[in-house]
Amino acid sequence: MDRIYIFEQIRENNNLLSLPQVLSEILEEVEKEDFSQESLGKIILRDAPLTTNILKVANSPFYARFKEIKTVNQAIAILGVTTVKCLALSTSVFHTDRVKKDSGMDAQEFFGYTISIAATSEKIAKTIGFKAPEEALTAGLLSDIGTIFFLHHYPKEYKKLLENSNKFTSLSESERNVFGVDHSEVGAQIALNWKLPEYILDSIKNHHSISTTEQDSVLTNIVKLASLLSVESFTECQTDIKERGEAIRLVSECLSMTKEKVDEVAFSLLSCSIELSQYLGVDIGDHEKILSKANQEIWKSYLTIENLYKERQELADKLLIEEHHRGASEQKNITMATLSHYLNNTAMAIYGRSQIMRMLHTSNKNEELIEKMDAFLNIIDEAIRKFVAVLDEMKEVSPIDKIDLHDISDALNLDDKIAKRMQKMEESQDWVVTSDIKEKA
Ligand SMILES: [Fe+2]
């Protein structure tokens, strides 16, 4: 199998991914010279699930308007023809039967990842004041269309690819090794077939290409940054964490985003994804499971940062005495960075739970809310205590320029230090956690 064969297969097969009749008609209609919104609306109305989805998105907070959008024509006017076309495509594509069972891929997990890229793209677009956030959302939704092609047409080969995957090779690289082409190139070819606008095609083609960042459009870099921030929990293939950090820095700089703004986006990633999946009616699985997976992934990256930190310590031990001060100061910077990540982790734990509680409440799932309340509050209590302990630790290390950490070991064992502080807090009368309230009651 090679790229030429796959490209021919895409070019020759007009019903690629077996598009339903109504979608083929939509694609045809929007290409007509005498195209009108009314005729597009009539085609959409023949497909009830698609009509519902387009109205849902037009009325969602992503396109918050003062009055309710009741007709498909109003929705087309608000969302624009390109967005409606892309939504129609994604509605058809996000079907569990697109992902063949023998591909070994968990459809919910994969759709969750794609939804996360779409929601994050939209959030980044709004954060940087990009003129059309809805274009970013649709570009994100379609970014991994090439992967769906592989999962649909080559499920067994893809299963083998996933089984042989490892953390030293990226997914795109593994795909190129097996198919001679990766999902970005395949996706771009599909976009060409579907006659999607060039800016969407480019964003699909280059959404993992770091080397082209400086030449890429703002939209492409938005989807690229969203892909870098989203957790690829469905595969062992991972970009090296140092490389990923460097790529995030480069792409966010090109988008004129500060580190704080990137953190803000990453922080809201999970709740935005859950919200978008609900509006699009895409099943991405149990929210609690997603939350804990996301936290595990974040924790893995913290462990890597800690390992880097320990490697630096070994290096610092070897430094000559005259260089010791410089090494110590660098250690303090790394310590502060590690502590900041602890803070992000705890904040994420609190925010994630509060978002799920709010969603259960607004969707009137009060029984489920009451059932999970105690466990959630305990997690929040634990996270808050860790938050305070980390802040205390930070105060001790800061200000960086005034304290000399000549003994590098002072900057180590953060886990122990934080655990001791938390222990102290538990013993203190000032701290009351839910379990204490229960006991006292
Ligand atoms: Fe991708």
# chains A, B, ... in the order shown; residues from 1 in each chain; ligands from 1
$ residues_around --residues "stretch 201-215 of chain A" --least-positions-apart "6" --cutoff "8 Å" --atoms "only C-alpha atoms" --output "list in words"
Ala139, Leu142, Ser143, Asp144, Ser184, Glu185, Gly187, Ala188, Ala191, Leu192, Asn221, Val223, Lys224, Ser227, Ala247, Leu250, Val251 and Cys254 of chain A
$ residues_around --residues "A:Ile6" --least-positions-apart "6" --cutoff "12 Å" --atoms "only C-alpha atoms" --output "PyMOL selection string"
chain A and resi 12-13+16+146+149-150+153-154+176+178-183+185-187+189-190
$ closest_residue --among "A:Met422, A:Ile115, A:Met359, A:Ile4" --to "ligand 1" --atoms "only C-alpha atoms and all ligand atoms"
A:Ile115
$ residues_around --residues "stretch 45-49 of chain A" --least-positions-apart "2" --cutoff "12 Å" --atoms "only C-alpha atoms" --output "ChimeraX atom specification"
/A:20-23,25-26,38-43,51-56,71-73,75-76,87-88,91-92,280-282
$ closest_residue --among "A:Phe376, A:Phe7, A:Phe94, A:Tyr113" --to "A:Leu228" --atoms "only C-alpha atoms"
A:Tyr113
$ residues_around --residues "A:Lys85" --least-positions-apart "3" --cutoff "9 Å" --atoms "only C-alpha atoms" --output "number ranges by chain"
A: 23, 26-27, 30, 80-82, 88-90, 196
$ write_last_selection --atoms "N, CA and C atoms" --output "PDB file, in the first residue's frame"
ATOM      1  N   LEU A  23     -26.295  14.871   1.907  1.00  0.00           N
ATOM      2  CA  LEU A  23     -25.034  15.614   2.009  1.00  0.00           C
ATOM      3  C   LEU A  23     -24.409  15.844   0.637  1.00  0.00           C
ATOM      4  N   ILE A  26     -26.130  18.739  -0.737  1.00  0.00           N
ATOM      5  CA  ILE A  26     -25.687  20.014  -0.118  1.00  0.00           C
ATOM      6  C   ILE A  26     -24.396  20.483  -0.785  1.00  0.00           C
ATOM      7  N   LEU A  27     -23.438  19.550  -0.937  1.00  0.00           N
ATOM      8  CA  LEU A  27     -22.156  19.903  -1.549  1.00  0.00           C
ATOM      9  C   LEU A  27     -22.358  20.411  -2.976  1.00  0.00           C
ATOM     10  N   VAL A  30     -24.203  24.110  -2.956  1.00  0.00           N
ATOM     11  CA  VAL A  30     -23.417  25.299  -2.600  1.00  0.00           C
ATOM     12  C   VAL A  30     -22.395  25.666  -3.680  1.00  0.00           C
ATOM     13  N   GLY A  80     -23.428  30.945   8.449  1.00  0.00           N
ATOM     14  CA  GLY A  80     -22.712  31.056   7.175  1.00  0.00           C
ATOM     15  C   GLY A  80     -22.750  29.721   6.436  1.00  0.00           C
ATOM     16  N   VAL A  81     -22.665  29.802   5.116  1.00  0.00           N
ATOM     17  CA  VAL A  81     -22.794  28.597   4.287  1.00  0.00           C
ATOM     18  C   VAL A  81     -21.681  27.591   4.564  1.00  0.00           C
ATOM     19  N   THR A  82     -20.441  28.093   4.708  1.00  0.00           N
ATOM     20  CA  THR A  82     -19.315  27.171   4.927  1.00  0.00           C
ATOM     21  C   THR A  82     -19.493  26.385   6.214  1.00  0.00           C
ATOM     22  N   ALA A  88     -22.710  19.834   8.392  1.00  0.00           N
ATOM     23  CA  ALA A  88     -23.404  18.735   7.738  1.00  0.00           C
ATOM     24  C   ALA A  88     -22.441  17.564   7.547  1.00  0.00           C
ATOM     25  N   LEU A  89     -21.228  17.885   7.146  1.00  0.00           N
ATOM     26  CA  LEU A  89     -20.236  16.827   6.947  1.00  0.00           C
ATOM     27  C   LEU A  89     -19.871  16.152   8.263  1.00  0.00           C
ATOM     28  N   SER A  90     -19.656  16.969   9.301  1.00  0.00           N
ATOM     29  CA  SER A  90     -19.246  16.360  10.567  1.00  0.00           C
ATOM     30  C   SER A  90     -20.390  15.565  11.199  1.00  0.00           C
ATOM     31  N   LEU A 196     -14.127  21.690  -0.198  1.00  0.00           N
ATOM     32  CA  LEU A 196     -14.109  22.613   0.953  1.00  0.00           C
ATOM     33  C   LEU A 196     -13.192  23.790   0.603  1.00  0.00           C
TER      34      LEU A 196
END
$ residues_around --residues "A:Ser256" --least-positions-apart "4" --cutoff "12 Å" --atoms "only C-alpha atoms" --output "list of chain:residue names"
A:Ile124, A:Ala125, A:Thr127, A:Ile128, A:Gly129, A:Phe130, A:Val218, A:Asn221, A:Ile222, A:Ile248, A:Arg249, A:Leu250, A:Val251, A:Ser252, A:Glu260, A:Lys261, A:Val262
$ atom_distance --atom1 "atom CA of A:Thr335" --atom2 "atom CA of A:Leu255"
28.1 Å
$ select_by_dssp --residues "stretch 56-172 of chain A" --states "helix (DSSP H, G or I)" --output "number ranges by chain"
A: 56-59, 61-63, 72-79, 81-93, 96-98, 101-103, 107-128, 133-142, 145-153, 155-163, 171-172
$ atom_distance --atom1 "atom CA of A:Leu339" --atom2 "atom CA of A:Ile117"
27.2 Å
$ closest_residue --among "A:Glu246, A:Glu367, A:Asp392, A:Glu173" --to "ligand 1" --atoms "only C-alpha atoms and all ligand atoms"
A:Glu173
